[in-house]
Amino acid sequence: MGQPVREYLLTLCVTVAVTYLLTGPVRRFAIAAGAMPEIRARDVHREPTPRLGGIAMFGGLCAGLLVADHLPNLNGVFELSNEPRALLSGAALIWLIGVLDDKFEIDALIKLGAQMIAAGVMVMQGLTMLWIPVPWIGTVALTQWQGNLLTVALVVITINAVNFVDGLDGLAAGMVCIASAAFFLYAYRIWFGYGIEAAAPATLFAAILMGMCLGFLPHNMHPARIFMGDSGSMLIGLVLAAGAISITGQVDPDTMALFAGGERNATHAMLPVFIPLLLPLTIIAIPMADLILAIVRRTWKGQSPFAADRGHLHHRLLELGHSHSRAVLIMYFWSGLIAFGAVAYSVHSASMWIVLVIAALSAVGLVLLLLPRFRPRTPRWAEFLVPPRYRHAERAAEAAAQDASGREPEPARRIAVGVSGVNGATAVGPRSRFPDRRKAETTR
């Protein structure tokens with residue numbers, strides 16, 4: 001078992017490295033190509049930011065699959081299954097449509113049609129639902145058209161869910177990374193815990209998806225230097241859906257010996273089989289709730305359900321007083337709680353302490369959600385580990401400056417308007433994004 005773990009780790013590291021190293025050149029290419037749309041009224045960022053980050057993520061996907069194909073234990077995934085090739089075909093198509101949309105703003109109906117075609121390409125190559133577990137009934141075999149229709153629907157829903165949640169810097173990539181990490185743990189357990197090789201493709205997809213997100217996140221965290229765009233959000237949504245379809249629709253629950261004992265025991269034993277259907281909901285749940293609220297809100301106001309506004313969940317978190325980073329971390333928290341809580345419950349469904357821990361963490365999440373201006377008191381010995389605003393001396397200096405002048409604290413004003421120099425010139429700090437302006441103002 002140790003050898004496959006090392007090979008998965010190698011695949012993950014290669015995917016991370018390739019994605020990370022490609023993102024810088026892709027950013028320069030996006031700027032040169034003019035893939036920097038104007039800021040819209042509903043956008044949170046305040047500076048034009050290049051898109052096309054999905055190009056680097058697709059490069060990481062190809063690199064991960066290429067490395068896995070040459071490893072002794074993972075090579076069998078490509079020899080015994082056509083699912084990696086199906087994934088690559090569908091991903092290439094959806095990525096190409098996303099790149100065109102990032103540059104030319106393709107119509108929404110055209111993108112929807114392309115998503116269905118990409119899902120159909122994967123279905124034609126064997127990545128489809130063959131059966132589906134139903135509570136208290138067991139495994140229900142699907143006809144060919146039922147399996148194909150369900151596969152296409154799951155792919156399209158997941159793609160649009162990830163695309164919909166991509167509203168803050170690092171939000172979509174981080175949430176998908178959390179969900180794929182939990183998905184990897186579950187799929188790896190199915191493969192090696194039950195000895196089912198049909199779960200190997202889903203395990204590989206989850207490892208590569210983690211690498212794609214981890215490699216892109218350093219460039220995408222607030223303040224983001226590049227956005228993944230539709231070329232990235234639709235791509236990672238498709239990979240996430242492919243893993244769920246693979247392990248849910250391809251792995252036969254009968255091979256897991258789940259139906260020994262009475263009907264009640266069989267129902268409890270079937271619980272791990274439903275987890276792959278639940279994990280994608282960690283991505284879909286938040287944006288779907290946002291979507292429903294948006295439709296109700298806009299319809300109530302007499303607007304079109306598709307009219308853009310600033311009433312989404314991430315806008316609400318910012319309006320409550322949460323900072324950009326804290327809003328993202330709150331959504332990370334809930335995504336991780338749902339994903340890893342579901343996996344833990346599938347392993348020890350009879351343990352009451354898991355339910356209690358999940359309930360306690362949910363209460364913590366609600367407290368954090370309702371205290372947007374909470375600043376933890378950091379111990380003095382740990383102040384060097386936290387940002388300056390959480391340090392005792394910095395907070396005291398800011399409060400004194402604000403009380404004395406009645407204006408915002410001096411550090412914030414320095415960041416906002418710069419430090420006044422000679423003859424009224426304004427010299428911004430050395431990390432300014434406008435070096436030409438600083439040079440001109442210095443020589444003026």
# chains A, B, ... in the order shown; residues from 1 in each chain; ligands from 1
>>> closest_atom_pairs(of="range 134-221 of chain A", to="range 325-342 of chain A", cutoff="9 Å", atoms="only C-alpha atoms", output="CSV")
residue,atom,partner,partner_atom,distance
A:Leu168,CA,A:Val328,CA,7.1
A:Asp169,CA,A:Val328,CA,7.8
A:Gly170,CA,A:Val328,CA,7.4
A:Leu171,CA,A:Val328,CA,5.7
A:Gly174,CA,A:Tyr332,CA,6.8
A:Met175,CA,A:Tyr332,CA,5.8
A:Val176,CA,A:Ser335,CA,8.7
A:Ile178,CA,A:Gly336,CA,5.9
A:Ala179,CA,A:Ala339,CA,5.8
A:Ser180,CA,A:Ala339,CA,8.8
A:Ala181,CA,A:Phe340,CA,8.6
A:Ala182,CA,A:Phe340,CA,5.6
A:Phe183,CA,A:Ala339,CA,7.9
A:Met221,CA,A:Ser325,CA,8.4
>>> residues_around(residues="range 60-73 of chain A", least_positions_apart="3", cutoff="7 Å", atoms="only C-alpha atoms", output="list in words")
Pro4, Glu7, Thr11, Val14, Thr15, Val16, Val18, Thr19, Ala56, Met57, Gly76, Phe78, Ile208 and Met212 of chain A
>>> closest_residue(among="A:Ile247, A:Val343, A:Met228, A:Ile117", to="Asn148 in chain A", atoms="only C-alpha atoms")
A:Ile117
>>> closest_residue(among="A:Trp145, A:Tyr20, A:Tyr345, A:Trp131", to="Val357 in chain A", atoms="only C-alpha atoms")
A:Tyr345
>>> closest_residue(among="A:Ile97, A:Leu154, A:Leu149, A:Phe216", to="Cys177 in chain A", atoms="only C-alpha atoms")
A:Phe216
>>> select_by_dssp(residues="range 67-128 of chain A", states="helix (DSSP H, G or I)", output="VMD selection string")
chain A and resid 67 to 69 75 to 80 83 to 104 108 to 124
>>> closest_residue(among="A:Ala360, A:Ser323, A:Ile31, A:Ser346", to="Pro223 in chain A", atoms="only C-alpha atoms")
A:Ser323
>>> residues_around(residues="Lys111 in chain A", least_positions_apart="4", cutoff="12 Å", atoms="only C-alpha atoms", output="list in words")
Leu93, Ile94, Trp95, Leu96, Ile97, Gly98, Val99, Leu100, Asp101, Asp102, Glu105, Ile106, Asp107, Gln115, Met116, Ile117, Ala118, Val156, Ile159, Asn160, Asn163, Asp230, Ser231 and Met234 of chain A
>>> residues_around(residues="Val152 in chain A", least_positions_apart="5", cutoff="12 Å", atoms="only C-alpha atoms", output="ChimeraX atom specification")
/A:90,112-124,127-129,145-147,157-159,238,241-242,245
>>> closest_residue(among="A:Val162, A:Cys13, A:Met352, A:Val251", to="Ala198 in chain A", atoms="only C-alpha atoms")
A:Val251
>>> closest_residue(among="A:Gly59, A:Arg85, A:Ala187, A:Ala141", to="Gln125 in chain A", atoms="only C-alpha atoms")
A:Arg85
>>> atom_distance(atom1="CA of Gly365 in chain A", atom2="CA of Trp381 in chain A")
26.6 Å
>>> atom_distance(atom1="CA of Gly249 in chain A", atom2="CA of Leu130 in chain A")
5.0 Å
